[in-house]
Amino acid sequence: MTEAAQKTTDTQSDDTVGVNITESAQEYLMGLLEKQDCEGIGVRMHIQSPGTPRAETCLSYCRPGEEKEDDVIVEYPAFKAFFEKRSVPFLEDAFVDYDKDKFGGQLTIKAPNSKMPKVNDDSPIEDRITYVLWNEVNPQLAAHGGEVSLVEMDGNVAVLKFGGGCQGCSAVDVTLKDGVEKTLLESIPGLEGVRDMTDHTDTTNAYY
């Protein structure tokens, strides 16, 4: 067993994470996993950009050693499913189903709460920053056809990327310092600053 697996949260039920993987979906996934010829392989589910309009539900193979230390594990009859801890609040009422038809069938994944902001003082700093960006900053940037999103955290510094009318805009430095950074620092305790990683040489859609 890997060190990561040893540290992973104890196995729980699918009710705990709010995800329903139907029996037909379990059978389908089991068949896919068997074809991978990898002992101990499971599946992993997470939400990309949770709590934003761009949220996407991702289901992928999870080979031994690819699980994260704080993943929530649900053990099904034929495999284990690993759920990203950060994504669990956004996976409430999610379901995975497989509908057989004459062409083979289709796997359906729906997470109705993935785009809903679920943020409190205990939420990861990434989620709190994303919430402020989408609910306070981007509505103002939208007037210029622009937007900004969080790429990653570099220590206590938020690495951001501008898009739309803000990419290549001559006023982006002012927007970053006087607008985005000021708003985030006032709203997010512990955040020390922001950094722009946007390639502003592309001025195709620049507002100014």
# chains A, B, ... in the order shown; residues from 1 in each chain; ligands from 1
>>> select_by_dssp(residues="region 6-116 of chain A", states="alpha helix (DSSP H)", output="PyMOL selection string")
chain A and resi 6-7+14-17+23-35
>>> write_last_selection(atoms="C-alpha atoms", output="compact mmCIF listing (two decimals), in the first residue's frame")
# COMPACT_ATOMS: atom_id res chain seq x y z
CA GLN A 6 -2.36 4.84 4.13
CA LYS A 7 -3.20 8.45 4.92
CA ASP A 14 -21.86 6.87 -1.18
CA ASP A 15 -24.52 8.59 0.95
CA THR A 16 -21.71 10.36 2.79
CA VAL A 17 -20.45 12.06 -0.36
CA GLU A 23 -25.84 -0.53 -10.27
CA SER A 24 -25.81 -0.34 -14.06
CA ALA A 25 -23.08 2.31 -13.93
CA GLN A 26 -21.08 0.19 -11.48
CA GLU A 27 -21.26 -2.78 -13.84
CA TYR A 28 -20.16 -0.62 -16.77
CA LEU A 29 -17.28 0.92 -14.86
CA MET A 30 -16.23 -2.49 -13.58
CA GLY A 31 -15.95 -3.69 -17.19
CA LEU A 32 -13.80 -0.70 -18.12
CA LEU A 33 -11.55 -1.19 -15.11
CA GLU A 34 -11.04 -4.88 -15.87
CA LYS A 35 -9.79 -3.97 -19.35
>>> select_by_dssp(residues="region 42-144 of chain A", states="strand (DSSP E or B)", output="PyMOL selection string")
chain A and resi 42-48+56-62+72-75+80-83+94-99+106-110
>>> residues_around(residues="Ala158 (chain A)", least_positions_apart="6", cutoff="12 Å", atoms="only C-alpha atoms", output="number ranges by chain")
A: 125-130, 133, 148-152, 176, 180-181, 184-185, 188, 190-197
>>> atom_distance(atom1="CA of Pro117 (chain A)", atom2="CA of Thr22 (chain A)")
26.4 Å
>>> residues_around(residues="region 140-144 of chain A", least_positions_apart="2", cutoff="8 Å", atoms="only C-alpha atoms", output="PyMOL selection string")
chain A and resi 136-138+146-147+165-166+207
>>> decode(residues="region 139-187 of chain A", atoms="N, CA and C atoms", output="compact mmCIF listing (two decimals), in the first residue's frame")
# COMPACT_ATOMS: atom_id res chain seq x y z
N PRO A 139 -18.34 40.28 -12.52
CA PRO A 139 -19.48 41.07 -12.97
C PRO A 139 -19.08 42.49 -13.40
N GLN A 140 -18.02 43.05 -12.78
CA GLN A 140 -17.54 44.37 -13.17
C GLN A 140 -16.71 44.29 -14.45
N LEU A 141 -15.88 43.25 -14.56
CA LEU A 141 -15.06 43.10 -15.76
C LEU A 141 -15.91 42.77 -16.98
N ALA A 142 -17.07 42.18 -16.75
CA ALA A 142 -17.94 41.79 -17.87
C ALA A 142 -18.37 43.00 -18.70
N ALA A 143 -18.38 44.18 -18.08
CA ALA A 143 -18.75 45.40 -18.80
C ALA A 143 -17.75 45.71 -19.91
N HIS A 144 -16.52 45.19 -19.75
CA HIS A 144 -15.47 45.38 -20.74
C HIS A 144 -15.23 44.09 -21.54
N GLY A 145 -16.14 43.13 -21.36
CA GLY A 145 -15.99 41.86 -22.06
C GLY A 145 -14.87 41.00 -21.53
N GLY A 146 -14.48 41.24 -20.27
CA GLY A 146 -13.36 40.50 -19.70
C GLY A 146 -13.74 39.62 -18.53
N GLU A 147 -12.77 38.84 -18.06
CA GLU A 147 -12.95 38.00 -16.90
C GLU A 147 -11.58 37.61 -16.37
N VAL A 148 -11.56 37.12 -15.15
CA VAL A 148 -10.32 36.66 -14.55
C VAL A 148 -10.62 35.41 -13.74
N SER A 149 -9.70 34.47 -13.72
CA SER A 149 -9.90 33.22 -13.00
C SER A 149 -8.63 32.84 -12.25
N LEU A 150 -8.79 32.02 -11.23
CA LEU A 150 -7.66 31.54 -10.45
C LEU A 150 -7.05 30.32 -11.14
N VAL A 151 -5.74 30.36 -11.35
CA VAL A 151 -5.03 29.23 -11.95
C VAL A 151 -4.51 28.30 -10.87
N GLU A 152 -3.86 28.87 -9.87
CA GLU A 152 -3.28 28.08 -8.80
C GLU A 152 -2.86 29.00 -7.66
N MET A 153 -2.49 28.40 -6.55
CA MET A 153 -1.91 29.14 -5.45
C MET A 153 -0.41 28.89 -5.41
N ASP A 154 0.38 29.94 -5.28
CA ASP A 154 1.83 29.84 -5.11
C ASP A 154 2.13 30.33 -3.71
N GLY A 155 2.11 29.41 -2.75
CA GLY A 155 2.18 29.81 -1.36
C GLY A 155 0.91 30.55 -1.00
N ASN A 156 1.04 31.79 -0.54
CA ASN A 156 -0.13 32.61 -0.21
C ASN A 156 -0.41 33.66 -1.27
N VAL A 157 0.12 33.43 -2.46
CA VAL A 157 -0.09 34.34 -3.59
C VAL A 157 -1.00 33.66 -4.61
N ALA A 158 -2.04 34.37 -5.04
CA ALA A 158 -2.97 33.83 -6.03
C ALA A 158 -2.46 34.12 -7.44
N VAL A 159 -2.31 33.08 -8.24
CA VAL A 159 -1.89 33.23 -9.63
C VAL A 159 -3.14 33.28 -10.49
N LEU A 160 -3.31 34.39 -11.20
CA LEU A 160 -4.55 34.63 -11.95
C LEU A 160 -4.30 34.66 -13.45
N LYS A 161 -5.38 34.47 -14.19
CA LYS A 161 -5.32 34.57 -15.64
C LYS A 161 -6.51 35.36 -16.15
N PHE A 162 -6.21 36.38 -16.96
CA PHE A 162 -7.27 37.21 -17.54
C PHE A 162 -7.66 36.67 -18.91
N GLY A 163 -8.92 36.91 -19.27
CA GLY A 163 -9.41 36.49 -20.57
C GLY A 163 -10.34 37.52 -21.16
N GLY A 164 -10.77 37.28 -22.39
CA GLY A 164 -11.69 38.21 -23.05
C GLY A 164 -11.06 39.56 -23.28
N GLY A 165 -11.80 40.62 -22.98
CA GLY A 165 -11.32 41.97 -23.20
C GLY A 165 -10.19 42.40 -22.31
N CYS A 166 -9.91 41.62 -21.24
CA CYS A 166 -8.82 41.97 -20.33
C CYS A 166 -7.47 41.43 -20.81
N GLN A 167 -7.49 40.45 -21.71
CA GLN A 167 -6.24 39.90 -22.21
C GLN A 167 -5.63 40.87 -23.22
N GLY A 168 -4.43 41.33 -22.94
CA GLY A 168 -3.76 42.26 -23.83
C GLY A 168 -4.20 43.70 -23.65
N CYS A 169 -5.07 43.95 -22.68
CA CYS A 169 -5.57 45.31 -22.44
C CYS A 169 -4.48 46.16 -21.83
N SER A 170 -4.32 47.40 -22.30
CA SER A 170 -3.27 48.28 -21.80
C SER A 170 -3.50 48.73 -20.37
N ALA A 171 -4.73 48.59 -19.88
CA ALA A 171 -5.06 49.01 -18.52
C ALA A 171 -5.08 47.85 -17.53
N VAL A 172 -4.58 46.68 -17.96
CA VAL A 172 -4.71 45.50 -17.11
C VAL A 172 -3.93 45.63 -15.80
N ASP A 173 -2.79 46.33 -15.81
CA ASP A 173 -2.03 46.49 -14.57
C ASP A 173 -2.83 47.26 -13.53
N VAL A 174 -3.54 48.29 -13.97
CA VAL A 174 -4.38 49.07 -13.06
C VAL A 174 -5.52 48.21 -12.55
N THR A 175 -6.13 47.44 -13.47
CA THR A 175 -7.22 46.55 -13.08
C THR A 175 -6.75 45.53 -12.05
N LEU A 176 -5.55 44.99 -12.27
CA LEU A 176 -5.03 43.96 -11.37
C LEU A 176 -4.77 44.52 -9.99
N LYS A 177 -4.07 45.64 -9.90
CA LYS A 177 -3.66 46.18 -8.61
C LYS A 177 -4.78 46.93 -7.88
N ASP A 178 -5.44 47.83 -8.59
CA ASP A 178 -6.44 48.67 -7.94
C ASP A 178 -7.81 48.00 -7.83
N GLY A 179 -8.04 47.00 -8.65
CA GLY A 179 -9.33 46.35 -8.64
C GLY A 179 -9.30 44.96 -8.05
N VAL A 180 -8.70 44.03 -8.78
CA VAL A 180 -8.74 42.62 -8.40
C VAL A 180 -7.99 42.36 -7.10
N GLU A 181 -6.73 42.80 -7.03
CA GLU A 181 -5.93 42.51 -5.84
C GLU A 181 -6.53 43.16 -4.59
N LYS A 182 -6.96 44.40 -4.71
CA LYS A 182 -7.54 45.11 -3.57
C LYS A 182 -8.77 44.39 -3.06
N THR A 183 -9.63 43.96 -3.98
CA THR A 183 -10.86 43.26 -3.59
C THR A 183 -10.54 41.94 -2.90
N LEU A 184 -9.61 41.19 -3.46
CA LEU A 184 -9.27 39.88 -2.88
C LEU A 184 -8.61 40.01 -1.51
N LEU A 185 -7.69 40.96 -1.37
CA LEU A 185 -7.00 41.13 -0.09
C LEU A 185 -7.96 41.56 1.01
N GLU A 186 -8.97 42.34 0.64
CA GLU A 186 -9.96 42.77 1.63
C GLU A 186 -10.90 41.64 2.02
N SER A 187 -11.07 40.68 1.12
CA SER A 187 -12.07 39.62 1.33
C SER A 187 -11.50 38.32 1.85
